[in-house]
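J.: The structure's right below; bear with me while I get my questions together.
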Amino acid sequence: MSFQISALFIVLAMSNLMNALALPKPQGGEDKSIKLPPLFDDGVLGGITNKFYEEVPGVKYTVKEWEPDYYPAACISESQSNNKCPVSDMKVYDVTYDDCPQPWTMCRCNSAVVSSERLFEFFARVPVKARVEIRHMFAWPNQKGLAAYAFGPDIGLTNPLQTGDGKQDMNAIIHETGHVLDQGASDSPEMLDAISKDTCVLRPYSQVSRGENVGNVMVMTYFKMINRGEYDRVHDEKGMSCLQNQLDFMEKRYAERMTPGGSCPPRLHENSEKKHVPGGVLTKRDLELLQRDHPEDWTRHEDHGMYPQGHTDDHPNHF
């Protein structure tokens with residue numbers, strides 16, 4: 001009888017904790033959707049922007065895999081959210097890029113749809129001045145309809161994120177980088193003023209919220225920093241002046257951080273605490289490992305609308 005009660009306590013405790021780790025409910029009140037019409041349909045610009053990411057030289061890096069049974073606290077808690085991955089199925093890597101002395105710790109589930117090499121390569125093409133604001137990168141198994149997400153300074157990938165020809169699709173990770181770098185920009189008086197003066201948003205997904213709009217326009221900011229001449233051509237041919245105030249706001253705020261190259265500023269976030277989980281098996285004693293080490297004001301952005309409805313994961317025009 002005592003054993004049954006103890007087992008029941010563990011099950012209930014784990015259940016309560018899983019509920020606590022579930023997606024936070026949207027905060028009620030203000031409607032943050034944008035009522036302007038979109039300039040492009042979802043999926044149109046990926047074929048344009050992705051070819052220019054190839055112009056960005058990938059930063060070289062070295063990888064060191066962690067010893068078994070040790071995991072960052074953030075990886076443990078995220079692995080359990082929505083049953084993404086058993087802890088025992090995770091591998092942890094310290095990845096040191098040549099342009100920055102401090103390594104980033106990344107976690108990948110063995111059944112993740114993004115390979116470890118692709119994970120490292122994606123991150124290598126995020127400009128270093130933006131990269132330092134990201135704490136952890138995660139790669140999880142495929143979750144239907146979910147491309148990627150950002151939670152505070154962490155980014156998770158749950159989709160192959162590749163174009164029809166198998167090349168890297170950088171749009172999603174730059175979009176998620178936009179969420180990490182947002183830090184109030186999407187709700188700022190300057191951005192609200194820009195939206196009020198414009199007559200369109202970039203794409204239908206921008207209408208969902210101001211935060212998603214910042215993520216989308218960040219892609220165009222990066223595109224401009226990579227190749228201004230080609231950006232200007234696309235801008236003029238496609239009539240992007242209808243969102244010019246949003247574009248100007250984003251460039252003024254993020255141009256330096258989204259320009260490839262340069263020196264590595266101090267990291268904004270230390271890696272989460274290293275935890276020991278023998279055998280990768282969570283028990284009652286390990287429940288505290290699932291307590292996420294984040295401030296209450298962290299926001300989770302789950303991007304279910306990154307890809308056009310009715311298209312497969314390898315659609316060539318992801319955007």
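Note on naming: chains are A, B, ... as they come in the structure tokens, residues start from 1 per chain, ligands start from 1 in the order shown.
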List every residue of range 186-284 of chain A that has an atom at most 9 Å from any atom of range 54-65 of chain A, giving for each one its closest atom pair and the distance in Å to one decimal, counting only C-alpha atoms, sorted by chain and then by ascending residue number, as a Markdown table.
T.:
```
| residue | atom | partner | partner_atom | distance |
| --- | --- | --- | --- | --- |
| A:Ile226 | CA | A:Val56 | CA | 7.0 |
| A:Asn227 | CA | A:Glu55 | CA | 8.5 |
| A:Pro260 | CA | A:Val56 | CA | 7.2 |
```
J.: Quick one: everything within 7 Å of Ala73 in chain A, counting only C-alpha atoms, minus sequence neighbours fewer than 5 positions away in the same chain. Send it as a list in words.
T.: Ser272, Glu273, Lys274, Lys275 and Leu289 of chain A
J.: List every residue of range 112-248 of chain A that DSSP, applied to the backbone of this structure, places in helix (DSSP H, G or I), and write the result as a PyMOL selection string.
T.: chain A and resi 116-124+128-131+171-182+185-187+189-197+204-207+210-226+228-238+240-248
J.: Could you list, as a list in words, every residue within 6 Å of range 191-194 of chain A, counting only C-alpha atoms and ignoring same-chain residues fewer than 2 positions away?
T.: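 Neighbouring residues, sequence-local ones excluded: Ser188, Pro189, Ser196, Lys197, Asn245 and Gln246 of chain A.
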J.: Write the selection just made, keeping C-alpha atoms, as an mmCIF file, in the first residue's frame?
T.:
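Final output, out_24.cif:
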```cif
data_model
loop_
_atom_site.group_PDB
_atom_site.id
_atom_site.type_symbol
_atom_site.label_atom_id
_atom_site.label_comp_id
_atom_site.auth_asym_id
_atom_site.auth_seq_id
_atom_site.Cartn_x
_atom_site.Cartn_y
_atom_site.Cartn_z
ATOM 1 C CA SER A 188 7.496 50.006 -28.873
ATOM 2 C CA PRO A 189 5.950 53.404 -29.710
ATOM 3 C CA SER A 196 0.228 53.223 -38.374
ATOM 4 C CA LYS A 197 1.988 55.036 -41.222
ATOM 5 C CA ASN A 245 8.395 52.629 -42.106
ATOM 6 C CA GLN A 246 8.593 49.128 -40.621
#
```
J.: Nearest to Ser116 in chain A: which of A:Lys91, A:Arg257, A:Arg267, A:Arg203 is it, counting only C-alpha atoms?
T.: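 The answer is A:Lys91, which sits nearest to Ser116 in chain A.
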J.: Under the rule that only C-alpha atoms are counted, which of A:Met258, A:Leu202, A:Ala124, A:Val87 is the nearest residue to Tyr222 in chain A?
T.: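 Checking each candidate against Tyr222 in chain A, we get A:Met258 as the closest.
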J.: List the spatial neighbours of range 108-115 of chain A as a list in words - criterion: any atom at most 8 Å away, only C-alpha atoms, same-chain residues fewer than 2 positions off excluded.
T.: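 Non-adjacent residues within range: Cys85, Asp89, Met90, Lys91, Val92, Met106, Glu117, Arg118, Leu119, Phe138, Ala139, Trp140, Pro141, Asn142, Leu157, Thr158, Asn159, Pro160 and Leu161 of chain A.
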J.: Pick out the closest residue to His136 in chain A from this set: A:Gln102, A:Thr49, A:Thr299, A:Asn271. Count only C-alpha atoms.
T.: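 The closest residue to His136 in chain A is A:Asn271.
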J.: Go ahead and compute the interatomic distance for CA of Asp98 in chain A and CA of His269 in chain A, in Å to one decimal.
T.: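 CA of His269 in chain A lies at a distance of 18.9 Å from CA of Asp98 in chain A.
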J.: Out of A:Gly211, A:Pro204, A:Gly156, A:Pro37, which residue has the shortest atom-to-atom distance to Leu181 in chain A when counting only C-alpha atoms?
T.: A:Gly211
